[in-house]
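Enquirer: Mind having a look at this structure? Questions to follow.
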Amino acid sequence: YPGEVLALLGENGAGKSTLANLLLRYYDVDAGSVSINHVNVRDLDLSDLRSHVGLVAQDPFLFDGTVEDNLRLARPDASNDDLERVLRGAHASDFVSRLPIGIKTTIGERGVRLSMGERQRLTIARVWLRDPPLIILDEATSSVDSVTERHIQSALDTLLAHRTVLIIAHRLSTVR
């Protein structure tokens with residue numbers, strides 16, 4: 001439901017990420033149904049469904065392009081001010097400004113030139129730019145140190161306000 005936060009906790013292999021994949025229809029259920037607001041996701045146009053959901057994953061997917069290219073995937077018509085705003089909001093502007101040519105720096109396939117925390121913050125900025133009503137956080141801070149986790153959680157506090165959120169985690173402390 002709009003504005004609600006749902007947490008899914010469990011061990012590795014329990015099927016938590018599978019639920020996110022089913023919500024986004026990366027694959028479909030064999031029996032039963034998966035619904036959002038009482039609407040079966042199979043009844044929704046696939047591109048429309050995915051445009052309304054933002055995913056911040058444990059291993060975020062970034063393309064071999066610049067920081068700017070990766071952000072503009074969310075909203076190609078975004079202004080430079082919009083890009084700066086979401087980078088600041090995601091606590092990513094400092095590390096981006098230190099890159100060799102800033103936002104124009106190529107980050108490599110899957111963002112290999114960035115640390116895991118930097119990749120996750122860039123993904124948060126991209127989701128923020130897209131501004132979806134539903135956000136899925138799938139172990140979004142599990143691979144980072146505690147300082148980076150605090151930065152990411154601070155960014156998420158602002159991003160998640162007034163949105164429907166599904167938090168997938170191993171630890172209750174992550175959800176809190």
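Naming works like this for the structure tokens: A, B, ... for the chains as they're shown, residue 1 at the start of each chain, ligands 1 onward in shown order.
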Report as a CSV table (one decimal) with C-alpha atoms, in the first residue's frame all protein, DNA and RNA residues lying within 9 Å of range 97-109 of chain A, evaluated on only C-alpha atoms, omitting residues in the same chain fewer than 5 positions from it.
Expert:
```csv
chain,number,residue,atom,x,y,z
A,61,PHE,CA,24.1,-3.0,-11.9
A,62,LEU,CA,25.9,-0.1,-13.6
A,63,PHE,CA,26.8,0.2,-17.2
A,64,ASP,CA,30.2,0.8,-18.9
A,65,GLY,CA,29.7,4.5,-19.3
A,66,THR,CA,30.1,7.7,-17.4
A,67,VAL,CA,28.6,8.5,-14.0
A,68,GLU,CA,26.3,10.9,-16.0
A,69,ASP,CA,25.3,8.2,-18.5
A,92,ALA,CA,27.7,10.6,-3.8
A,114,LEU,CA,34.1,2.3,-8.0
```
Enquirer: Which of these residues is nearest to Ala140 in chain A, using only C-alpha atoms: A:Leu46, A:Ala125, A:Val96, A:Leu55?
Expert: A:Leu55
Enquirer: Rank nothing, just name the residue among A:Ala20, A:Arg150, A:Val112, A:Asn12 nearest to Val56 in chain A, using only C-alpha atoms.
Expert: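 Of A:Ala20, A:Arg150, A:Val112, A:Asn12, the one nearest Val56 in chain A, counting only C-alpha atoms, is A:Ala20.
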Enquirer: Can you list every residue in chain A that DSSP puts in strand (DSSP E or B), as a ChimeraX atom specification?
Expert: /A:5-9,35-36,39-40,53-57,66,106,134-138,164-169
Enquirer: So, counting only C-alpha atoms, which residue among A:Asp157, A:Asp48, A:Asp94, A:Asp43 is closest to Pro132 in chain A?
Expert: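 Looking at the shortest contact to Pro132 in chain A, the residue is A:Asp48.
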Enquirer: Report the distance between CA of Ile136 in chain A and CA of Ile167 in chain A in Å, rounded to one decimal place.
Expert: 6.0 Å
Enquirer: Can you tell me, as a PyMOL selection string, what residues are no more than 10 Å from Ser17 in chain A when counting only C-alpha atoms, ignoring any on the same chain fewer than 2 positions away?
Expert: chain A and resi 8+12-15+19-23+57-58+136-139+168-169
Enquirer: Could you save those same residues with N, CA and C atoms as a PDB file, in the first residue's frame?
Expert:
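File produced: selection-v2.pdb:
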```pdb
ATOM      1  N   LEU A   8      11.292  -7.726   4.856  1.00  0.00           N
ATOM      2  CA  LEU A   8      11.373  -9.158   4.644  1.00  0.00           C
ATOM      3  C   LEU A   8      12.731  -9.608   5.156  1.00  0.00           C
ATOM      4  N   ASN A  12      20.090 -16.570   4.058  1.00  0.00           N
ATOM      5  CA  ASN A  12      20.453 -16.771   2.659  1.00  0.00           C
ATOM      6  C   ASN A  12      19.663 -17.937   2.095  1.00  0.00           C
ATOM      7  N   GLY A  13      19.173 -17.768   0.885  1.00  0.00           N
ATOM      8  CA  GLY A  13      18.471 -18.858   0.223  1.00  0.00           C
ATOM      9  C   GLY A  13      17.016 -19.023   0.621  1.00  0.00           C
ATOM     10  N   ALA A  14      16.500 -18.119   1.453  1.00  0.00           N
ATOM     11  CA  ALA A  14      15.114 -18.243   1.908  1.00  0.00           C
ATOM     12  C   ALA A  14      14.103 -17.761   0.871  1.00  0.00           C
ATOM     13  N   GLY A  15      14.561 -17.070  -0.192  1.00  0.00           N
ATOM     14  CA  GLY A  15      13.661 -16.614  -1.240  1.00  0.00           C
ATOM     15  C   GLY A  15      13.311 -15.135  -1.183  1.00  0.00           C
ATOM     16  N   LEU A  19      11.362 -12.822  -4.297  1.00  0.00           N
ATOM     17  CA  LEU A  19      10.150 -12.017  -4.254  1.00  0.00           C
ATOM     18  C   LEU A  19      10.334 -10.726  -5.057  1.00  0.00           C
ATOM     19  N   ALA A  20      11.475 -10.059  -4.899  1.00  0.00           N
ATOM     20  CA  ALA A  20      11.738  -8.844  -5.672  1.00  0.00           C
ATOM     21  C   ALA A  20      11.732  -9.151  -7.161  1.00  0.00           C
ATOM     22  N   ASN A  21      12.344 -10.259  -7.549  1.00  0.00           N
ATOM     23  CA  ASN A  21      12.371 -10.653  -8.956  1.00  0.00           C
ATOM     24  C   ASN A  21      10.972 -10.952  -9.484  1.00  0.00           C
ATOM     25  N   LEU A  22      10.129 -11.513  -8.648  1.00  0.00           N
ATOM     26  CA  LEU A  22       8.748 -11.785  -9.045  1.00  0.00           C
ATOM     27  C   LEU A  22       7.947 -10.486  -9.160  1.00  0.00           C
ATOM     28  N   LEU A  23       8.164  -9.559  -8.230  1.00  0.00           N
ATOM     29  CA  LEU A  23       7.477  -8.264  -8.305  1.00  0.00           C
ATOM     30  C   LEU A  23       7.817  -7.524  -9.592  1.00  0.00           C
ATOM     31  N   ALA A  57      19.957  -2.767  -5.220  1.00  0.00           N
ATOM     32  CA  ALA A  57      20.331  -4.154  -4.951  1.00  0.00           C
ATOM     33  C   ALA A  57      21.668  -4.255  -4.226  1.00  0.00           C
ATOM     34  N   GLN A  58      21.907  -5.440  -3.681  1.00  0.00           N
ATOM     35  CA  GLN A  58      23.159  -5.740  -2.994  1.00  0.00           C
ATOM     36  C   GLN A  58      24.339  -5.554  -3.940  1.00  0.00           C
ATOM     37  N   ILE A 136      12.423  -0.937  -3.813  1.00  0.00           N
ATOM     38  CA  ILE A 136      12.849  -2.203  -3.227  1.00  0.00           C
ATOM     39  C   ILE A 136      14.322  -2.066  -2.850  1.00  0.00           C
ATOM     40  N   LEU A 137      14.615  -2.292  -1.576  1.00  0.00           N
ATOM     41  CA  LEU A 137      15.993  -2.290  -1.086  1.00  0.00           C
ATOM     42  C   LEU A 137      16.364  -3.736  -0.804  1.00  0.00           C
ATOM     43  N   ASP A 138      17.152  -4.319  -1.668  1.00  0.00           N
ATOM     44  CA  ASP A 138      17.518  -5.728  -1.535  1.00  0.00           C
ATOM     45  C   ASP A 138      18.950  -5.824  -1.019  1.00  0.00           C
ATOM     46  N   GLU A 139      19.085  -5.928   0.304  1.00  0.00           N
ATOM     47  CA  GLU A 139      20.407  -5.992   0.942  1.00  0.00           C
ATOM     48  C   GLU A 139      21.278  -4.828   0.478  1.00  0.00           C
ATOM     49  N   ILE A 168      14.535  -5.779   2.017  1.00  0.00           N
ATOM     50  CA  ILE A 168      14.954  -7.175   2.089  1.00  0.00           C
ATOM     51  C   ILE A 168      16.307  -7.194   2.791  1.00  0.00           C
ATOM     52  N   ALA A 169      16.385  -7.959   3.890  1.00  0.00           N
ATOM     53  CA  ALA A 169      17.618  -7.945   4.673  1.00  0.00           C
ATOM     54  C   ALA A 169      17.808  -9.248   5.432  1.00  0.00           C
TER      55      ALA A 169
END
```
Enquirer: Which one of A:Leu9, A:Met116, A:Leu166, A:Leu129 sits closest to Arg85 in chain A if you count only C-alpha atoms?
Expert: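 Ranked by minimum distance to Arg85 in chain A, first place goes to A:Leu129.
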Enquirer: Using DSSP on the backbone, list every residue of range 23-124 of chain A that comes out as helix (DSSP H, G or I), and give them as number ranges by chain.
Expert: A: 23, 41-43, 46-51, 67-72, 80-89, 93-98, 102-104, 109-111, 116-124
